[in-house]
$ cat run_23.txt   # compact mmCIF, C-alpha atoms
# COMPACT_ATOMS: atom_id res chain seq x y z
CA MET A 1 165.08 70.38 135.85
CA LYS A 2 161.85 70.82 137.76
CA LEU A 3 160.60 73.01 140.59
CA ALA A 4 160.28 70.55 143.46
CA GLY A 5 159.51 72.42 146.65
CA CYS A 6 159.13 75.83 148.22
CA VAL A 7 159.11 77.43 151.67
CA SER A 8 157.76 80.98 151.85
CA THR A 9 156.79 83.25 154.72
CA GLN A 10 154.35 85.04 152.37
CA GLU A 11 155.70 88.50 153.32
CA SER A 12 154.17 91.22 151.17
CA GLY A 13 156.40 93.07 148.72
CA ALA A 14 158.82 90.16 148.28
CA LYS A 15 161.23 90.40 145.34
CA LYS A 16 161.81 87.15 143.42
CA SER A 17 165.08 85.84 141.97
CA ASP A 18 165.53 82.63 139.98
CA ASP A 19 168.46 80.52 138.69
CA LYS A 20 166.35 78.95 135.92
CA ALA A 21 167.31 81.33 133.09
CA LYS A 22 171.09 80.92 133.62
CA TYR A 23 171.15 77.26 134.66
CA LYS A 24 172.58 74.85 132.08
CA GLU A 25 171.16 71.33 132.05
CA GLY A 26 173.44 68.76 133.66
CA MET A 27 175.30 71.20 135.93
CA LEU A 28 175.50 70.21 139.59
CA PRO A 29 176.57 72.66 142.30
CA SER A 30 180.22 72.38 143.28
CA LYS A 31 180.10 75.08 145.97
CA ILE A 32 177.42 76.59 148.21
CA ASN A 33 177.78 80.15 149.53
CA ILE A 34 175.61 81.53 152.33
CA TRP A 35 175.53 84.85 154.19
CA THR A 36 173.85 84.79 157.62
CA GLY A 37 173.49 86.82 160.76
CA ALA A 38 170.30 87.27 162.75
CA ALA A 39 168.54 86.48 159.46
CA LEU A 40 169.47 84.61 156.28
CA ASP A 41 170.91 87.38 154.13
CA ALA A 42 171.77 85.48 150.94
CA VAL A 43 172.52 82.14 149.27
CA GLN A 44 174.31 81.26 146.02
CA PHE A 45 175.37 78.15 144.08
CA GLU A 46 178.57 77.84 142.06
CA TYR A 47 179.28 75.28 139.32
CA GLY A 48 183.04 75.14 138.84
CA ASP A 49 183.95 78.66 137.74
CA VAL A 50 180.31 79.60 136.98
CA LYS A 51 178.46 81.55 139.70
CA LEU A 52 174.71 81.84 139.49
CA GLU A 53 172.75 84.70 141.01
CA LYS A 54 173.31 85.65 144.61
CA HIS A 55 169.80 85.46 146.09
CA GLY A 56 169.26 88.10 148.78
CA GLY A 57 171.20 91.06 150.12
CA ASN A 58 174.74 92.00 151.04
CA GLY A 59 174.74 91.59 154.82
CA GLY A 60 175.66 88.68 157.06
CA LYS A 61 178.72 86.59 157.74
CA TYR A 62 179.97 84.64 154.71
CA ARG A 63 180.32 80.85 154.82
CA SER A 64 180.89 78.39 152.00
CA ASN A 65 181.71 74.80 151.35
CA ILE A 66 182.96 72.97 148.29
CA LEU A 67 181.19 69.69 147.59
CA LYS A 68 183.47 66.68 147.49
CA GLU A 69 183.69 64.41 144.46
CA GLY A 70 180.53 62.27 144.30
CA GLN A 71 178.72 64.43 146.86
CA TYR A 72 175.45 66.09 145.90
CA ILE A 73 172.72 68.10 147.61
CA LYS A 74 169.73 66.04 148.68
CA LYS A 75 167.97 68.22 151.29
CA VAL A 76 167.65 71.82 152.40
CA ARG A 77 166.37 72.77 155.85
CA VAL A 78 165.16 76.32 156.51
CA THR A 79 164.04 78.09 159.65
CA ALA A 80 161.65 81.05 159.67
CA SER A 81 161.29 83.46 162.58
CA ASN A 82 160.47 87.10 163.21
CA PHE A 83 163.22 89.60 162.43
CA SER A 84 162.65 93.37 162.66
CA GLY A 85 158.89 92.94 162.54
CA LYS A 86 158.80 90.59 159.54
CA LYS A 87 158.71 86.82 159.26
CA VAL A 88 161.82 85.86 157.29
CA LEU A 89 164.24 82.97 156.93
CA THR A 90 166.72 83.01 159.79
CA ALA A 91 168.71 79.85 159.01
CA ILE A 92 169.45 77.45 156.17
CA ALA A 93 171.31 74.15 156.05
CA PHE A 94 172.18 71.98 153.04
CA TYR A 95 172.61 68.20 153.43
CA ASP A 96 174.16 65.60 151.14
CA GLN A 97 172.85 62.21 150.03
CA ASN A 98 174.12 60.60 153.26
CA GLY A 99 172.42 63.12 155.55
CA ASN A 100 175.66 64.98 156.34
CA LEU A 101 175.61 68.75 156.75
CA ILE A 102 177.44 70.42 153.83
CA VAL A 103 177.11 74.02 155.01
CA GLY A 104 174.62 76.04 157.02
CA ASN A 105 173.19 76.70 160.42
CA VAL A 106 170.12 75.78 162.45
CA ASN A 107 168.12 78.19 164.63
CA SER A 108 164.98 77.81 166.67
CA GLY A 109 161.76 78.74 164.92
CA ASP A 110 159.47 77.29 162.28
CA VAL A 111 161.58 74.58 160.58
CA LYS A 112 160.75 73.13 157.15
CA GLU A 113 162.64 70.68 154.97
CA ILE A 114 162.60 70.25 151.20
CA VAL A 115 164.00 66.96 149.93
CA ALA A 116 164.84 65.91 146.37
CA GLY A 117 162.97 62.84 145.14
CA GLU A 118 164.35 59.36 144.57
CA GLY A 119 167.11 59.44 141.94
CA GLU A 120 167.24 63.25 142.03
CA CYS A 121 169.38 65.98 143.58
CA ILE A 122 169.03 69.70 144.16
CA CYS A 123 170.60 71.57 141.24
CA ALA A 124 169.38 75.20 141.39
CA LEU A 125 167.40 77.69 143.49
CA CYS A 126 164.85 80.46 143.35
CA ALA A 127 164.16 82.80 146.24
CA GLU A 128 162.15 85.69 147.63
CA SER A 129 163.68 88.58 149.55
CA VAL A 130 162.30 91.53 151.56
CA ARG A 131 163.72 94.54 153.37
CA ALA A 132 163.84 94.02 157.13
CA GLY A 133 166.04 95.70 159.73
CA GLY A 134 167.49 98.00 157.07
CA THR A 135 168.80 95.19 154.89
CA GLU A 136 167.58 92.74 152.26
CA VAL A 137 167.03 89.22 153.66
CA LEU A 138 165.41 86.05 152.34
CA SER A 139 161.74 85.41 153.02
CA GLY A 140 161.40 82.29 150.89
CA ILE A 141 163.37 79.65 149.01
CA ALA A 142 162.50 77.00 146.45
CA ILE A 143 164.54 74.21 144.93
CA TYR A 144 164.92 72.84 141.46
CA THR A 145 165.84 69.19 141.15
CA CYS A 146 167.33 67.17 138.32
CA GLU A 147 168.06 63.51 137.76
CA LEU A 148 171.29 62.24 139.19
CA PRO A 149 173.90 61.81 136.46
CA LYS A 150 174.50 58.26 135.35
CA VAL A 151 177.99 56.83 135.92
CA LYS A 152 178.52 56.73 132.13
CA ASP A 153 177.73 60.47 131.89
CA LEU A 154 180.17 61.25 134.71
CA LEU A 155 182.95 59.23 133.06
CA ASN A 156 182.35 61.01 129.73
CA ALA A 157 182.48 64.41 131.48
CA LEU A 158 185.68 63.41 133.28
CA GLY A 159 187.21 62.28 129.97
CA ASN A 160 186.35 65.63 128.39
CA VAL A 161 187.95 67.50 131.31
CA THR A 162 191.07 65.30 131.19
CA ARG A 163 191.48 65.88 127.42
CA THR A 164 191.05 69.63 127.95
CA LEU A 165 193.77 69.73 130.62
CA LYS A 166 196.37 67.94 128.44

$ encode --input "run_23.txt" --output "structure tokens"
Amino acid sequence: MKLAGCVSTQESGAKKSDDKAKYKEGMLPSKINIWTGAALDAVQFEYGDVKLEKHGGNGGKYRSNILKEGQYIKKVRVTASNFSGKKVLTAIAFYDQNGNLIVGNVNSGDVKEIVAGEGECICALCAESVRAGGTEVLSGIAIYTCELPKVKDLLNALGNVTRTLK
């Protein structure tokens, strides 16, 4: 796992959160949760029944999407705009290896994309959050990438799951 890209509005007083300490090598996100409103309130990855840290606050409308078998996260697109006197993230969208939107939204503003390298996928996050408009919202996001699992590794994992279910 390596830190592969970051978008930050450089707002002062930002609080950092990071998946790195709780991430287990080889895990790929199976579900993406986001909370949005006028700003991006929070984002979180799940790996089966394991939830990593919810980055951000408790506001916003909840949306999520479960990744389909064989689908992985290749790109994240974020938008930054002014919200309650601070420059924060106002939208986020996650895309799969075929360029299809998994979950998210797009707003007007300063748009940046972070893309996993060749043979890699996005596997974890770190973020910055600030207080704006009376709530905690995201002011920055970074991605961790890992190598895509080899077919042999996936078959071994599937075999282990199948044996466990019997």

$ closest_residue --input "run_23.txt" --among "A:Ile114, A:Gly57, A:Lys74, A:Asp96" --to "Lys15 (chain A)" --atoms "all atoms listed in the file"
A:Gly57

$ residues_around --input "run_23.txt" --residues "Lys51 (chain A)" --least-positions-apart "3" --cutoff "12 Å" --atoms "all atoms listed in the file" --output "count of residues only"
20

$ atom_distance --input "run_23.txt" --atom1 "CA of Leu52 (chain A)" --atom2 "CA of Lys87 (chain A)"
25.9 Å

$ closest_residue --input "run_23.txt" --among "A:Thr9, A:Glu53, A:Gly117, A:Gly70" --to "Ala21 (chain A)" --atoms "all atoms listed in the file"
A:Glu53

$ atom_distance --input "run_23.txt" --atom1 "CA of Val88 (chain A)" --atom2 "CA of Gly140 (chain A)"
7.3 Å

$ decode --input "run_23.txt" --residues "region 117-138 of chain A" --atoms "N, CA and C atoms" --output "PDB file, in the first residue's frame"
ATOM      1  N   GLY A 117      -2.355   4.052 -10.390  1.00  0.00           N
ATOM      2  CA  GLY A 117      -1.431   3.727 -11.472  1.00  0.00           C
ATOM      3  C   GLY A 117      -1.770   2.423 -12.176  1.00  0.00           C
ATOM      4  N   GLU A 118      -1.029   2.131 -13.211  1.00  0.00           N
ATOM      5  CA  GLU A 118      -1.206   0.899 -13.985  1.00  0.00           C
ATOM      6  C   GLU A 118      -1.037  -0.316 -13.072  1.00  0.00           C
ATOM      7  N   GLY A 119      -1.981  -1.241 -13.112  1.00  0.00           N
ATOM      8  CA  GLY A 119      -1.911  -2.446 -12.299  1.00  0.00           C
ATOM      9  C   GLY A 119      -2.244  -2.225 -10.832  1.00  0.00           C
ATOM     10  N   GLU A 120      -2.800  -1.044 -10.513  1.00  0.00           N
ATOM     11  CA  GLU A 120      -3.131  -0.711  -9.130  1.00  0.00           C
ATOM     12  C   GLU A 120      -4.598  -0.321  -9.013  1.00  0.00           C
ATOM     13  N   CYS A 121      -5.092  -0.298  -7.776  1.00  0.00           N
ATOM     14  CA  CYS A 121      -6.436   0.195  -7.491  1.00  0.00           C
ATOM     15  C   CYS A 121      -6.390   0.973  -6.176  1.00  0.00           C
ATOM     16  N   ILE A 122      -7.428   1.736  -5.932  1.00  0.00           N
ATOM     17  CA  ILE A 122      -7.538   2.499  -4.695  1.00  0.00           C
ATOM     18  C   ILE A 122      -8.043   1.549  -3.611  1.00  0.00           C
ATOM     19  N   CYS A 123      -7.301   1.495  -2.483  1.00  0.00           N
ATOM     20  CA  CYS A 123      -7.655   0.530  -1.442  1.00  0.00           C
ATOM     21  C   CYS A 123      -7.963   1.162  -0.092  1.00  0.00           C
ATOM     22  N   ALA A 124      -7.564   2.416   0.143  1.00  0.00           N
ATOM     23  CA  ALA A 124      -7.809   3.058   1.439  1.00  0.00           C
ATOM     24  C   ALA A 124      -7.708   4.574   1.264  1.00  0.00           C
ATOM     25  N   LEU A 125      -8.098   5.306   2.322  1.00  0.00           N
ATOM     26  CA  LEU A 125      -8.144   6.769   2.260  1.00  0.00           C
ATOM     27  C   LEU A 125      -7.477   7.410   3.467  1.00  0.00           C
ATOM     28  N   CYS A 126      -7.117   8.668   3.322  1.00  0.00           N
ATOM     29  CA  CYS A 126      -6.864   9.542   4.457  1.00  0.00           C
ATOM     30  C   CYS A 126      -7.504  10.875   4.089  1.00  0.00           C
ATOM     31  N   ALA A 127      -7.828  11.666   5.102  1.00  0.00           N
ATOM     32  CA  ALA A 127      -8.599  12.883   4.831  1.00  0.00           C
ATOM     33  C   ALA A 127      -8.271  13.976   5.832  1.00  0.00           C
ATOM     34  N   GLU A 128      -8.699  15.182   5.484  1.00  0.00           N
ATOM     35  CA  GLU A 128      -8.627  16.343   6.362  1.00  0.00           C
ATOM     36  C   GLU A 128     -10.040  16.895   6.493  1.00  0.00           C
ATOM     37  N   SER A 129     -10.393  17.343   7.706  1.00  0.00           N
ATOM     38  CA  SER A 129     -11.710  17.937   7.892  1.00  0.00           C
ATOM     39  C   SER A 129     -11.581  19.221   8.707  1.00  0.00           C
ATOM     40  N   VAL A 130     -12.526  20.138   8.480  1.00  0.00           N
ATOM     41  CA  VAL A 130     -12.587  21.421   9.188  1.00  0.00           C
ATOM     42  C   VAL A 130     -14.033  21.705   9.578  1.00  0.00           C
ATOM     43  N   ARG A 131     -14.210  22.625  10.513  1.00  0.00           N
ATOM     44  CA  ARG A 131     -15.553  23.084  10.870  1.00  0.00           C
ATOM     45  C   ARG A 131     -15.932  24.222   9.942  1.00  0.00           C
ATOM     46  N   ALA A 132     -17.082  24.093   9.316  1.00  0.00           N
ATOM     47  CA  ALA A 132     -17.606  25.144   8.436  1.00  0.00           C
ATOM     48  C   ALA A 132     -19.127  25.053   8.484  1.00  0.00           C
ATOM     49  N   GLY A 133     -19.790  26.192   8.586  1.00  0.00           N
ATOM     50  CA  GLY A 133     -21.247  26.196   8.628  1.00  0.00           C
ATOM     51  C   GLY A 133     -21.805  25.425   9.801  1.00  0.00           C
ATOM     52  N   GLY A 134     -21.062  25.360  10.905  1.00  0.00           N
ATOM     53  CA  GLY A 134     -21.536  24.679  12.102  1.00  0.00           C
ATOM     54  C   GLY A 134     -21.396  23.174  12.086  1.00  0.00           C
ATOM     55  N   THR A 135     -20.716  22.631  11.095  1.00  0.00           N
ATOM     56  CA  THR A 135     -20.549  21.180  11.004  1.00  0.00           C
ATOM     57  C   THR A 135     -19.141  20.847  10.533  1.00  0.00           C
ATOM     58  N   GLU A 136     -18.738  19.603  10.721  1.00  0.00           N
ATOM     59  CA  GLU A 136     -17.437  19.146  10.251  1.00  0.00           C
ATOM     60  C   GLU A 136     -17.589  18.627   8.824  1.00  0.00           C
ATOM     61  N   VAL A 137     -16.765  19.155   7.902  1.00  0.00           N
ATOM     62  CA  VAL A 137     -16.794  18.750   6.495  1.00  0.00           C
ATOM     63  C   VAL A 137     -15.372  18.487   6.027  1.00  0.00           C
ATOM     64  N   LEU A 138     -15.235  17.792   4.910  1.00  0.00           N
ATOM     65  CA  LEU A 138     -13.903  17.463   4.403  1.00  0.00           C
ATOM     66  C   LEU A 138     -13.281  18.635   3.652  1.00  0.00           C
TER      67      LEU A 138
END
